[in-house]
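A.B. asks: Structure: run11.cif, mmCIF, C-alpha atoms and all ligand atoms.
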```cif
data_query
#
loop_
_atom_site.label_atom_id
_atom_site.label_comp_id
_atom_site.auth_asym_id
_atom_site.auth_seq_id
_atom_site.Cartn_x
_atom_site.Cartn_y
_atom_site.Cartn_z
CA MET A 1267 0.00 0.00 0.00
CA ASP A 1268 1.40 3.41 -1.02
CA ILE A 1269 1.23 5.69 2.02
CA LEU A 1270 0.51 8.70 -0.23
CA GLU A 1271 -2.38 7.08 -2.14
CA LYS A 1272 -4.97 8.46 0.31
CA CYS A 1273 -3.95 12.01 -0.60
CA ARG A 1274 -4.80 11.55 -4.27
CA ARG A 1275 -8.07 9.80 -3.42
CA PHE A 1276 -9.10 12.57 -1.01
CA LEU A 1277 -8.67 15.15 -3.75
CA VAL A 1278 -10.72 13.42 -6.43
CA ASP A 1279 -12.70 10.42 -5.12
CA PRO A 1280 -16.19 11.36 -3.81
CA ALA A 1281 -16.70 8.03 -2.03
CA PHE A 1282 -13.43 8.48 -0.12
CA SER A 1283 -14.35 12.08 0.86
CA GLU A 1284 -17.82 10.97 1.98
CA ARG A 1285 -16.27 8.39 4.27
CA LEU A 1286 -14.31 11.25 5.88
CA GLY A 1287 -17.59 13.15 6.38
CA TYR A 1288 -17.34 15.63 3.46
CA PRO A 1289 -20.36 15.95 1.15
CA MET A 1290 -18.16 15.80 -2.00
CA SER A 1291 -14.50 15.68 -3.05
CA PRO A 1292 -12.52 18.95 -2.72
CA ARG A 1293 -12.05 18.98 -6.54
CA THR A 1294 -15.82 18.77 -7.17
CA ALA A 1295 -16.49 21.40 -4.51
CA GLN A 1296 -13.92 23.73 -6.12
CA ALA A 1297 -15.46 23.22 -9.58
CA GLN A 1298 -18.93 24.11 -8.22
CA GLY A 1299 -17.76 27.12 -6.16
CA LEU A 1300 -18.66 25.21 -3.00
CA TYR A 1301 -15.17 24.98 -1.50
CA PRO A 1302 -15.20 27.17 1.64
CA TYR A 1303 -11.60 26.81 2.85
CA PHE A 1304 -8.36 28.73 2.35
CA ILE A 1305 -10.19 31.63 0.71
CA PRO A 1306 -7.72 34.47 0.09
CA ILE A 1307 -8.71 37.73 1.73
CA GLU A 1308 -7.44 40.61 -0.39
CA GLU A 1309 -8.04 43.42 2.11
CA SER A 1310 -9.28 43.46 5.69
CA GLU A 1311 -10.58 46.41 7.66
CA GLY A 1312 -12.15 44.55 10.57
CA THR A 1313 -15.88 44.43 9.93
CA THR A 1314 -15.45 44.24 6.15
CA ALA A 1315 -13.04 42.43 3.84
CA VAL A 1316 -12.42 42.20 0.12
CA VAL A 1317 -12.86 38.68 -1.27
CA GLY A 1318 -12.81 37.85 -4.98
CA GLY A 1319 -12.63 41.58 -5.76
CA ARG A 1320 -15.82 42.36 -3.77
CA ARG A 1321 -16.27 43.97 -0.36
CA VAL A 1322 -18.16 41.70 2.03
CA ILE A 1323 -19.30 42.00 5.65
CA MET A 1324 -17.16 39.78 7.86
CA ILE A 1325 -19.16 37.68 10.31
CA GLY A 1326 -16.63 34.86 10.26
CA SER A 1327 -13.81 36.13 12.44
CA ASN A 1328 -12.90 35.96 16.13
CA ASN A 1329 -12.04 39.65 16.27
CA TYR A 1330 -14.73 40.14 18.95
CA LEU A 1331 -13.65 43.59 20.09
CA GLY A 1332 -12.81 44.80 16.57
CA LEU A 1333 -9.27 45.69 17.62
CA THR A 1334 -7.24 44.27 14.70
CA ALA A 1335 -7.72 47.54 12.82
CA ASP A 1336 -7.46 49.81 15.88
CA PRO A 1337 -4.82 52.53 15.31
CA ARG A 1338 -3.43 52.15 18.86
CA VAL A 1339 -2.88 48.42 18.37
CA ARG A 1340 -1.33 48.86 14.91
CA ALA A 1341 0.99 51.60 16.21
CA ALA A 1342 2.16 49.45 19.14
CA ALA A 1343 3.05 46.61 16.75
CA ALA A 1344 4.96 48.97 14.44
CA GLN A 1345 6.88 50.53 17.35
CA ALA A 1346 7.88 47.08 18.66
CA ILE A 1347 9.34 46.21 15.27
CA GLU A 1348 11.30 49.47 15.33
CA LYS A 1349 12.65 48.73 18.80
CA TYR A 1350 13.23 44.95 18.75
CA GLY A 1351 13.18 43.93 15.07
CA THR A 1352 10.95 41.31 13.52
CA SER A 1353 11.78 38.15 15.48
CA CYS A 1354 13.29 36.87 18.72
CA THR A 1355 14.96 34.01 16.78
CA GLY A 1356 14.86 31.73 19.78
CA SER A 1357 12.91 30.10 22.58
CA ARG A 1358 11.58 31.89 25.67
CA PHE A 1359 13.88 29.53 27.60
CA LEU A 1360 17.10 30.93 26.13
CA ASN A 1361 17.40 34.14 24.09
CA GLY A 1362 13.69 34.71 23.27
CA THR A 1363 12.29 36.45 26.36
CA LEU A 1364 11.81 40.21 25.95
CA GLU A 1365 10.82 42.68 28.65
CA LEU A 1366 7.63 43.00 26.59
CA HIS A 1367 6.72 39.34 27.24
CA LEU A 1368 7.12 39.91 30.98
CA GLU A 1369 5.08 43.09 30.87
CA LEU A 1370 2.29 41.29 29.04
CA GLU A 1371 2.41 38.40 31.54
CA GLU A 1372 2.16 40.77 34.50
CA LYS A 1373 -0.77 42.67 32.94
CA LEU A 1374 -2.61 39.44 32.12
CA ALA A 1375 -2.14 37.98 35.61
CA SER A 1376 -3.37 41.14 37.28
CA TYR A 1377 -6.31 41.59 34.85
CA LEU A 1378 -7.46 38.00 35.41
CA GLY A 1379 -6.81 37.92 39.16
CA LYS A 1380 -4.19 35.16 39.07
CA GLU A 1381 -0.69 35.07 40.59
CA LYS A 1382 1.24 34.55 37.38
CA ALA A 1383 0.83 34.13 33.63
CA LEU A 1384 3.02 32.58 30.94
CA VAL A 1385 2.93 33.63 27.27
CA PHE A 1386 3.32 31.08 24.44
CA ALA A 1387 3.69 31.60 20.67
CA THR A 1388 0.13 30.36 19.92
CA GLY A 1389 -2.96 29.27 21.81
CA TYR A 1390 -2.57 25.83 20.28
CA GLN A 1391 0.94 25.50 21.73
CA THR A 1392 -0.30 26.72 25.11
CA ASN A 1393 -2.75 23.84 25.48
CA VAL A 1394 -0.38 21.27 24.04
CA GLY A 1395 2.47 22.42 26.29
CA ALA A 1396 0.59 23.06 29.54
CA ILE A 1397 -1.51 19.88 29.53
CA SER A 1398 1.35 17.59 28.58
CA ALA A 1399 3.53 19.23 31.26
CA LEU A 1400 0.94 18.70 33.99
CA VAL A 1401 -0.50 15.26 33.22
CA GLY A 1402 2.06 12.59 34.08
CA ARG A 1403 2.11 8.81 33.54
CA GLU A 1404 -0.01 8.03 36.61
CA ASP A 1405 -2.52 10.85 36.05
CA VAL A 1406 -5.89 11.15 34.29
CA VAL A 1407 -7.10 14.10 32.22
CA VAL A 1408 -10.88 14.43 31.82
CA CYS A 1409 -12.25 16.46 28.89
CA ASP A 1410 -15.61 17.58 27.54
CA LYS A 1411 -16.15 15.81 24.18
CA GLU A 1412 -16.45 19.19 22.43
CA ASP A 1413 -13.23 20.64 23.81
CA HIS A 1414 -10.92 22.29 21.28
CA ALA A 1415 -8.57 20.07 19.24
CA SER A 1416 -5.50 21.62 20.88
CA ILE A 1417 -6.70 20.27 24.24
CA PHE A 1418 -6.97 16.75 22.87
CA ASP A 1419 -3.57 17.08 21.22
CA GLY A 1420 -2.10 18.13 24.59
CA CYS A 1421 -3.72 15.05 26.17
CA ARG A 1422 -2.21 12.80 23.47
CA LEU A 1423 1.25 14.22 24.06
CA SER A 1424 0.90 13.69 27.82
CA LEU A 1425 1.78 10.31 29.26
CA GLY A 1426 -1.45 10.02 31.27
CA GLU A 1427 -4.86 8.55 30.47
CA LEU A 1428 -7.56 10.54 28.64
CA ARG A 1429 -11.23 10.17 29.67
CA ARG A 1430 -14.05 12.08 27.99
CA PHE A 1431 -17.54 13.10 29.15
CA GLN A 1432 -20.63 14.09 27.13
CA HIS A 1433 -20.72 17.75 26.14
CA GLY A 1434 -21.86 19.99 29.02
CA ASP A 1435 -23.20 16.97 30.92
CA VAL A 1436 -22.23 17.28 34.58
CA ALA A 1437 -23.87 13.97 35.52
CA ASP A 1438 -21.59 12.27 33.00
CA LEU A 1439 -18.56 14.14 34.38
CA ASP A 1440 -19.55 12.92 37.86
CA ARG A 1441 -19.77 9.35 36.51
CA VAL A 1442 -16.27 9.57 34.98
CA LEU A 1443 -14.69 11.15 38.07
CA SER A 1444 -16.41 8.62 40.37
CA SER A 1445 -14.92 5.76 38.36
CA LEU A 1446 -11.34 6.95 39.03
CA PRO A 1447 -9.31 5.78 42.06
CA PRO A 1448 -9.10 8.57 44.67
CA ALA A 1449 -5.30 8.42 44.66
CA VAL A 1450 -4.71 9.31 40.98
CA GLY A 1451 -4.00 12.90 39.96
CA LYS A 1452 -6.93 14.33 37.99
CA LEU A 1453 -7.14 17.35 35.70
CA VAL A 1454 -10.51 18.39 34.23
CA VAL A 1455 -10.20 20.54 31.08
CA VAL A 1456 -13.13 22.42 29.51
CA ASP A 1457 -13.63 25.28 27.09
CA GLY A 1458 -15.15 28.27 28.93
CA VAL A 1459 -17.01 29.25 25.74
CA PHE A 1460 -17.35 26.46 23.17
CA SER A 1461 -16.06 27.63 19.83
CA MET A 1462 -18.74 26.11 17.58
CA GLY A 1463 -21.89 26.23 19.74
CA GLY A 1464 -21.11 29.52 21.50
CA ASP A 1465 -22.36 28.03 24.78
CA LEU A 1466 -20.75 28.31 28.22
CA ALA A 1467 -19.36 25.46 30.31
CA PRO A 1468 -21.48 24.97 33.48
CA LEU A 1469 -18.58 26.06 35.67
CA PRO A 1470 -20.37 26.20 39.07
CA GLU A 1471 -21.33 22.52 38.81
CA ILE A 1472 -17.93 21.56 37.35
CA VAL A 1473 -16.06 23.37 40.14
CA ASP A 1474 -18.25 21.61 42.71
CA LEU A 1475 -17.51 18.18 41.17
CA CYS A 1476 -13.78 18.90 40.99
CA ARG A 1477 -13.78 19.76 44.69
CA ARG A 1478 -15.69 16.63 45.65
CA HIS A 1479 -13.42 14.36 43.60
CA GLY A 1480 -10.10 16.08 44.33
CA ALA A 1481 -9.59 17.14 40.70
CA ARG A 1482 -7.96 20.33 39.42
CA LEU A 1483 -9.61 22.46 36.73
CA LEU A 1484 -8.19 24.14 33.60
CA VAL A 1485 -10.55 26.40 31.61
CA ASP A 1486 -9.64 27.22 28.00
CA ASP A 1487 -11.15 30.68 27.63
CA ALA A 1488 -9.93 31.43 24.10
CA HIS A 1489 -13.41 32.73 23.22
CA GLY A 1490 -14.25 34.02 26.71
CA ILE A 1491 -11.50 36.60 27.27
CA GLY A 1492 -12.88 39.94 26.07
CA VAL A 1493 -16.40 38.52 25.83
CA THR A 1494 -17.67 36.95 29.08
CA GLY A 1495 -17.36 38.19 32.67
CA GLY A 1496 -17.11 41.81 31.53
CA GLY A 1497 -14.01 40.80 29.51
CA ARG A 1498 -12.25 38.83 32.25
CA GLY A 1499 -13.68 35.57 30.99
CA THR A 1500 -15.98 32.76 32.01
CA ALA A 1501 -14.51 32.08 35.46
CA ALA A 1502 -15.13 35.76 36.30
CA GLN A 1503 -18.65 35.57 34.84
CA PHE A 1504 -19.50 32.90 37.44
CA ASN A 1505 -17.43 34.58 40.18
CA LEU A 1506 -15.14 31.54 40.28
CA THR A 1507 -11.72 33.00 39.46
CA GLU A 1508 -10.21 31.57 42.67
CA GLU A 1509 -11.76 28.15 42.20
CA VAL A 1510 -10.61 27.68 38.58
CA ASP A 1511 -6.99 26.55 38.98
CA LEU A 1512 -5.76 27.50 35.52
CA ILE A 1513 -7.12 29.94 32.94
CA MET A 1514 -5.86 29.56 29.39
CA GLY A 1515 -6.49 32.12 26.65
CA THR A 1516 -5.33 33.24 23.22
CA PHE A 1517 -4.39 36.56 21.65
CA SER A 1518 -5.78 35.46 18.27
CA LYS A 1519 -9.35 36.49 19.06
CA SER A 1520 -10.38 39.46 21.26
CA LEU A 1521 -6.75 40.52 21.73
CA ALA A 1522 -6.17 41.16 18.03
CA SER A 1523 -2.86 39.36 17.68
CA VAL A 1524 -1.52 35.83 17.76
CA GLY A 1525 -0.20 33.90 20.75
CA GLY A 1526 -1.56 32.33 23.91
CA PHE A 1527 -1.17 32.28 27.69
CA ILE A 1528 -1.88 30.26 30.79
CA ALA A 1529 -2.47 31.85 34.20
CA GLY A 1530 -2.55 30.33 37.68
CA ASP A 1531 -0.57 29.89 40.89
CA GLU A 1532 3.09 30.84 40.71
CA ALA A 1533 4.46 27.35 41.41
CA VAL A 1534 2.26 25.77 38.72
CA ILE A 1535 3.24 28.33 36.09
CA HIS A 1536 6.90 27.92 37.07
CA TRP A 1537 6.57 24.12 36.53
CA ILE A 1538 4.93 24.61 33.11
CA GLN A 1539 7.65 27.09 32.16
CA HIS A 1540 10.30 24.40 32.75
CA ARG A 1541 8.37 21.39 31.39
CA ALA A 1542 6.25 22.55 28.40
CA ARG A 1543 7.99 21.24 25.27
CA SER A 1544 6.02 23.55 22.96
CA LEU A 1545 7.41 26.54 24.89
CA ILE A 1546 10.98 25.32 25.32
CA PHE A 1547 11.54 23.87 21.85
CA SER A 1548 9.90 26.60 19.76
CA ALA A 1549 10.69 30.25 19.09
CA SER A 1550 8.93 32.86 21.21
CA LEU A 1551 6.08 35.21 20.29
CA PRO A 1552 7.52 37.94 17.99
CA PRO A 1553 7.81 41.55 19.26
CA ALA A 1554 5.01 42.94 17.05
CA SER A 1555 2.51 40.28 18.15
CA THR A 1556 3.45 40.73 21.82
CA ALA A 1557 3.06 44.51 21.65
CA ALA A 1558 -0.25 44.23 19.76
CA ALA A 1559 -1.70 41.90 22.43
CA LEU A 1560 -0.48 44.23 25.18
CA ALA A 1561 -2.06 47.28 23.50
CA ALA A 1562 -5.32 45.38 22.89
CA LEU A 1563 -5.43 44.32 26.55
CA GLU A 1564 -5.01 47.97 27.59
CA VAL A 1565 -7.90 48.98 25.31
CA LEU A 1566 -10.04 46.15 26.72
CA GLU A 1567 -9.37 47.39 30.27
CA ARG A 1568 -10.12 51.01 29.40
CA GLU A 1569 -13.14 50.40 27.15
CA PRO A 1570 -15.36 47.72 28.71
CA GLU A 1571 -18.24 49.13 26.66
CA ARG A 1572 -16.85 47.11 23.72
CA VAL A 1573 -17.58 43.91 25.67
CA GLU A 1574 -21.13 45.04 26.35
CA ARG A 1575 -21.71 45.97 22.72
CA VAL A 1576 -20.48 42.69 21.23
CA ASN A 1577 -22.74 40.77 23.61
CA ARG A 1578 -25.73 42.98 22.72
CA ILE A 1579 -25.05 42.32 19.02
CA GLY A 1580 -24.86 38.57 19.70
CA ASP A 1581 -28.26 38.71 21.46
CA ARG A 1582 -29.78 40.70 18.60
CA MET A 1583 -28.55 38.33 15.87
CA ARG A 1584 -29.56 35.21 17.81
CA THR A 1585 -33.06 36.60 18.32
CA PHE A 1586 -33.26 37.56 14.66
CA TYR A 1587 -32.16 34.14 13.32
CA ARG A 1588 -34.59 32.39 15.67
CA SER A 1589 -37.40 34.67 14.42
CA LEU A 1590 -36.71 33.25 10.93
CA GLY A 1591 -37.07 29.72 12.31
CA LEU A 1592 -33.33 29.02 12.08
CA ASP A 1593 -31.64 26.73 14.64
CA THR A 1594 -28.96 28.63 16.57
CA GLY A 1595 -28.06 25.66 18.77
CA PRO A 1596 -27.07 26.33 22.39
CA SER A 1597 -25.51 29.79 21.68
CA GLN A 1598 -25.29 32.23 24.62
CA THR A 1599 -22.52 34.50 23.29
CA PRO A 1600 -21.53 36.49 20.16
CA ILE A 1601 -20.77 33.12 18.52
CA VAL A 1602 -24.11 32.33 16.86
CA PRO A 1603 -24.17 29.13 14.78
CA ILE A 1604 -26.83 28.59 12.14
CA VAL A 1605 -27.33 24.83 12.17
CA LEU A 1606 -28.41 23.73 8.70
CA GLY A 1607 -28.12 19.94 8.97
CA ASP A 1608 -26.56 18.28 5.96
CA GLY A 1609 -23.27 19.27 4.36
CA LEU A 1610 -24.57 20.10 0.90
CA ARG A 1611 -27.28 22.46 2.23
CA THR A 1612 -24.68 24.17 4.41
CA LEU A 1613 -22.25 24.69 1.52
CA THR A 1614 -25.00 25.98 -0.77
CA PHE A 1615 -26.22 28.42 1.93
CA TRP A 1616 -22.64 29.57 2.54
CA LYS A 1617 -22.07 30.25 -1.17
CA ALA A 1618 -25.36 32.15 -1.53
CA LEU A 1619 -24.54 34.31 1.49
CA LEU A 1620 -21.05 35.08 0.16
CA GLU A 1621 -22.59 36.11 -3.17
CA ALA A 1622 -24.99 38.33 -1.18
CA GLY A 1623 -21.95 40.02 0.43
CA VAL A 1624 -21.69 38.18 3.78
CA TYR A 1625 -18.67 36.07 4.85
CA THR A 1626 -19.40 33.17 7.22
CA ASN A 1627 -17.52 30.00 8.20
CA VAL A 1628 -18.59 26.47 7.33
CA ALA A 1629 -18.28 23.72 9.94
CA LEU A 1630 -18.54 20.14 8.66
CA PRO A 1631 -17.68 16.84 10.42
CA PRO A 1632 -15.43 16.13 12.25
CA ALA A 1633 -15.67 19.72 13.60
CA VAL A 1634 -19.39 19.07 14.25
CA PRO A 1635 -21.42 15.83 14.53
CA GLN A 1636 -22.88 14.30 11.32
CA GLY A 1637 -26.19 15.98 10.43
CA ARG A 1638 -25.34 19.10 12.51
CA CYS A 1639 -23.37 21.00 9.83
CA LEU A 1640 -23.50 24.71 10.46
CA LEU A 1641 -22.48 28.18 9.44
CA ARG A 1642 -20.55 29.70 12.30
CA THR A 1643 -21.36 33.40 12.57
CA SER A 1644 -19.60 35.63 15.09
CA TYR A 1645 -19.70 39.36 15.73
CA MET A 1646 -17.51 42.33 16.54
CA ALA A 1647 -18.13 45.28 18.85
CA THR A 1648 -17.39 47.46 15.81
CA HIS A 1649 -20.09 46.07 13.48
CA THR A 1650 -22.36 49.01 12.58
CA GLU A 1651 -26.16 48.95 12.70
CA GLU A 1652 -26.15 49.28 8.93
CA GLU A 1653 -23.84 46.27 8.49
CA LEU A 1654 -25.97 44.15 10.80
CA ALA A 1655 -29.13 45.17 8.90
CA GLN A 1656 -27.41 44.10 5.65
CA VAL A 1657 -26.56 40.72 7.16
CA GLU A 1658 -30.18 40.29 8.27
CA GLU A 1659 -31.44 41.14 4.81
CA ALA A 1660 -29.00 38.75 3.13
CA VAL A 1661 -29.94 35.84 5.40
CA THR A 1662 -33.65 36.54 4.89
CA THR A 1663 -33.20 36.60 1.11
CA VAL A 1664 -31.10 33.42 0.97
CA LEU A 1665 -33.54 31.57 3.23
CA ALA A 1666 -36.56 32.70 1.18
CA ALA A 1667 -34.83 31.59 -2.03
CA GLU A 1668 -34.03 28.23 -0.49
CA ASN A 1669 -37.62 27.76 0.69
CA ARG A 1670 -38.95 28.46 -2.79
CA GLY A 1671 -36.24 26.48 -4.60
CA LEU A 1672 -34.94 29.65 -6.30
CA ALA A 1673 -31.53 31.24 -6.79
CA PRO A 1674 -31.19 34.10 -4.24
CA GLN A 1675 -31.09 36.79 -6.97
CA GLU A 1676 -34.54 35.63 -8.15
CA VAL A 1677 -36.18 36.53 -4.81
CA ARG A 1678 -37.72 40.03 -4.27
C1 LIG B 1701 -11.09 26.99 22.28
C2 LIG B 1701 -9.80 27.22 21.57
N1 LIG B 1701 -8.65 26.92 22.19
C3 LIG B 1701 -7.45 27.10 21.59
C4 LIG B 1701 -7.37 27.61 20.32
C5 LIG B 1701 -6.01 27.77 19.67
O1 LIG B 1701 -5.69 29.10 19.64
P1 LIG B 1701 -4.72 29.77 18.55
O2 LIG B 1701 -5.50 29.90 17.28
O3 LIG B 1701 -4.42 31.08 19.17
O4 LIG B 1701 -3.54 28.89 18.38
C6 LIG B 1701 -8.52 27.97 19.65
C7 LIG B 1701 -8.45 28.55 18.29
O5 LIG B 1701 -9.10 28.18 17.38
C8 LIG B 1701 -9.78 27.74 20.28
O6 LIG B 1701 -10.91 28.04 19.64
#
```
What does the file become when written as structure tokens?
C.D. replies:
Amino acid sequence: MDILEKCRRFLVDPAFSERLGYPMSPRTAQAQGLYPYFIPIEESEGTTAVVGGRRVIMIGSNNYLGLTADPRVRAAAAQAIEKYGTSCTGSRFLNGTLELHLELEEKLASYLGKEKALVFATGYQTNVGAISALVGREDVVVCDKEDHASIFDGCRLSLGELRRFQHGDVADLDRVLSSLPPAVGKLVVVDGVFSMGGDLAPLPEIVDLCRRHGARLLVDDAHGIGVTGGGRGTAAQFNLTEEVDLIMGTFSKSLASVGGFIAGDEAVIHWIQHRARSLIFSASLPPASTAAALAALEVLEREPERVERVNRIGDRMRTFYRSLGLDTGPSQTPIVPIVLGDGLRTLTFWKALLEAGVYTNVALPPAVPQGRCLLRTSYMATHTEEELAQVEEAVTTVLAAENRGLAPQEVR
């Protein structure tokens, strides 16, 4: 068997693609304009982007506070390049720690109410490094089935055992924790805000279970920082900052940059700093990205009204989609999925919306369960009323066309 044969079959063989959960082969999808991945963005100004020569409204980003185009954030990145150059050319461990990294870590720890924070080059590397550093051969890590892929990759790299519980199901978490010997070390890991459904982890119940079973808790708040708890994240939203042992976050969403961090007690962060392979054996976050995250964090602290606005917009869009009879799943945040069911319907809806000037993201299996394919929509504090009204009109038109079996341009 040729190890590369699967690659050719994935590209062209529909039966092979279907077995992987895709509605058609990538080649067929490309030929029909139904291929939603790796789309080049020609210009980006936050709430709008230019795609295929046309300006579209962006409701497919994680730029929740709209800070990627903020002049203060851009200027901070440019100044950092002037001062430090374009790269640290080395690991945090050796030559790659700048004063800027330490300043960002101190600001994050104090903003979140934790003793110490540690900055990694990406959010992905943060989960991979921190989880594998903490979960040893005799330990068990317990995850929600819908946790982010980087959490599961961290579990795989760890030497311990991985156990999973049903999404958001605290009775199932209790069952899993009860089945473990009291003496083993246990780490429960959940997303604070789930990236596809936009729902919150039931942290009060999870914290209670962790206490009863002697487990520690890590919350991945990639989508919570800047959005929930007035910006401080999901632990803060439930008033549980003390009880959540470790808070992980990224700079690639609300904080308008790239990178990630983990925050917790000093001794635990110190351990991770000396044991996380993805930190030690990889170059550190570049100066421009570090300075951009720091500037975005300062804006978040000074302008909490952005957090309020993005949540109000999320509520408005969720209410609107539901009024059209669309399924928005368990969403409670500015991540508002439109669950469309099968893959082909989802791709067709996505294409029609893009043609109507609205950019969304397609989620197909394995990112979502079979039959629960969705368009992931997400909002920014900087979306204008006019832009939101245009999105509403486009969705209404595409849905009406679908209901009547027409092309969207034939409706009206
Ligand atoms: C919940 C969650 N955790 C971690 C990550 C990884 O973060 P990054 O993109 O900053 O590497 C993401 C990003 O998609 C995420 O959604």
A.B. asks: Go through A:Val1394, A:Val1534, A:Leu1590, A:Ala1561 and flag the residue nearest ligand LIG 1701 (chain B), using all atoms listed in the file for the distances.
C.D. replies: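 Residue with the minimum atom-to-atom distance to ligand LIG 1701 (chain B): A:Val1394.
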A.B. asks: Using Å and a single decimal, report how far atom CA of A:Ser1518 sits from atom C7 of ligand LIG 1701 (chain B).
C.D. replies: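 Interatomic distance, atom C7 of ligand LIG 1701 (chain B) to atom CA of A:Ser1518: 7.4 Å.
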A.B. asks: Under the rule that only C-alpha atoms are counted, which of A:Leu1521, A:Ala1542, A:Cys1476, A:Leu1453 is the nearest residue to A:Phe1359?
C.D. replies: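 Ranking A:Leu1521, A:Ala1542, A:Cys1476, A:Leu1453 by distance to A:Phe1359, first place goes to A:Ala1542.
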A.B. asks: How many Å separate atom CA of A:Pro1635 from atom CA of A:Gln1432?
C.D. replies: 12.7 Å
A.B. asks: Mind checking which residues fall within 12 Å of A:Glu1574, counting all atoms listed in the file, ignoring those fewer than 2 positions away in the same chain, and posting them as a ChimeraX atom specification?
C.D. replies: /A:1330-1331,1492-1497,1566,1569-1572,1576-1581,1599-1600,1646-1648
A.B. asks: Could the residues of chain A that have an atom at most 7 Å from ligand LIG 1701 (chain B) be listed as CSV, each with its closest atom pair and the distance in Å to one decimal, counting only C-alpha atoms and all ligand atoms and ordered by chain and ascending residue number?
C.D. replies:
```
residue,atom,partner,partner_atom,distance
A:Thr1388,CA,B:LIG1701,O4,4.2
A:Gly1389,CA,B:LIG1701,O1,3.5
A:Tyr1390,CA,B:LIG1701,O4,3.7
A:Gln1391,CA,B:LIG1701,O4,6.5
A:Asn1393,CA,B:LIG1701,C3,6.9
A:Asp1413,CA,B:LIG1701,C1,6.9
A:His1414,CA,B:LIG1701,C1,4.8
A:Ser1416,CA,B:LIG1701,C3,5.9
A:Asp1457,CA,B:LIG1701,C1,5.7
A:Phe1460,CA,B:LIG1701,C1,6.3
A:Ser1461,CA,B:LIG1701,O6,5.2
A:Asp1486,CA,B:LIG1701,N1,5.9
A:Asp1487,CA,B:LIG1701,C1,6.5
A:Ala1488,CA,B:LIG1701,C2,4.9
A:His1489,CA,B:LIG1701,C1,6.3
A:Thr1516,CA,B:LIG1701,O3,4.7
A:Phe1517,CA,B:LIG1701,O3,6.0
A:Ser1518,CA,B:LIG1701,O3,4.7
A:Val1524,CA,B:LIG1701,O3,5.7
A:Gly1525,CA,B:LIG1701,O3,5.3
A:Gly1526,CA,B:LIG1701,O3,5.7
```
A.B. asks: Using the incomplete input, complete stretch 1514-1523 of chain A to the level of N, CA, C and O atoms; output as an mmCIF file, in the frame of the given file.
C.D. replies:
```
data_model
loop_
_atom_site.group_PDB
_atom_site.id
_atom_site.type_symbol
_atom_site.label_atom_id
_atom_site.label_comp_id
_atom_site.auth_asym_id
_atom_site.auth_seq_id
_atom_site.Cartn_x
_atom_site.Cartn_y
_atom_site.Cartn_z
ATOM 1 N N MET A 1514 -6.657 29.477 30.620
ATOM 2 C CA MET A 1514 -5.860 29.560 29.390
ATOM 3 C C MET A 1514 -6.604 30.506 28.438
ATOM 4 O O MET A 1514 -7.836 30.589 28.448
ATOM 5 N N GLY A 1515 -5.837 31.240 27.627
ATOM 6 C CA GLY A 1515 -6.490 32.120 26.650
ATOM 7 C C GLY A 1515 -5.600 32.309 25.434
ATOM 8 O O GLY A 1515 -4.445 31.833 25.407
ATOM 9 N N THR A 1516 -6.137 32.973 24.426
ATOM 10 C CA THR A 1516 -5.330 33.240 23.220
ATOM 11 C C THR A 1516 -5.359 34.746 22.932
ATOM 12 O O THR A 1516 -6.232 35.469 23.392
ATOM 13 N N PHE A 1517 -4.386 35.160 22.123
ATOM 14 C CA PHE A 1517 -4.390 36.560 21.650
ATOM 15 C C PHE A 1517 -4.986 36.638 20.247
ATOM 16 O O PHE A 1517 -5.079 37.718 19.678
ATOM 17 N N SER A 1518 -5.358 35.485 19.679
ATOM 18 C CA SER A 1518 -5.780 35.460 18.270
ATOM 19 C C SER A 1518 -7.256 35.761 18.099
ATOM 20 O O SER A 1518 -7.783 35.640 17.003
ATOM 21 N N LYS A 1519 -7.918 36.193 19.184
ATOM 22 C CA LYS A 1519 -9.350 36.490 19.060
ATOM 23 C C LYS A 1519 -9.566 37.920 19.573
ATOM 24 O O LYS A 1519 -9.181 38.859 18.894
ATOM 25 N N SER A 1520 -10.112 38.083 20.783
ATOM 26 C CA SER A 1520 -10.380 39.460 21.260
ATOM 27 C C SER A 1520 -9.118 40.320 21.293
ATOM 28 O O SER A 1520 -9.200 41.539 21.149
ATOM 29 N N LEU A 1521 -7.954 39.711 21.520
ATOM 30 C CA LEU A 1521 -6.750 40.520 21.730
ATOM 31 C C LEU A 1521 -5.965 40.807 20.447
ATOM 32 O O LEU A 1521 -4.812 41.260 20.493
ATOM 33 N N ALA A 1522 -6.613 40.575 19.303
ATOM 34 C CA ALA A 1522 -6.170 41.160 18.030
ATOM 35 C C ALA A 1522 -4.744 40.855 17.620
ATOM 36 O O ALA A 1522 -4.089 41.665 16.976
ATOM 37 N N SER A 1523 -4.251 39.681 18.015
ATOM 38 C CA SER A 1523 -2.860 39.360 17.680
ATOM 39 C C SER A 1523 -2.768 37.872 17.409
ATOM 40 O O SER A 1523 -3.712 37.271 16.878
#
```
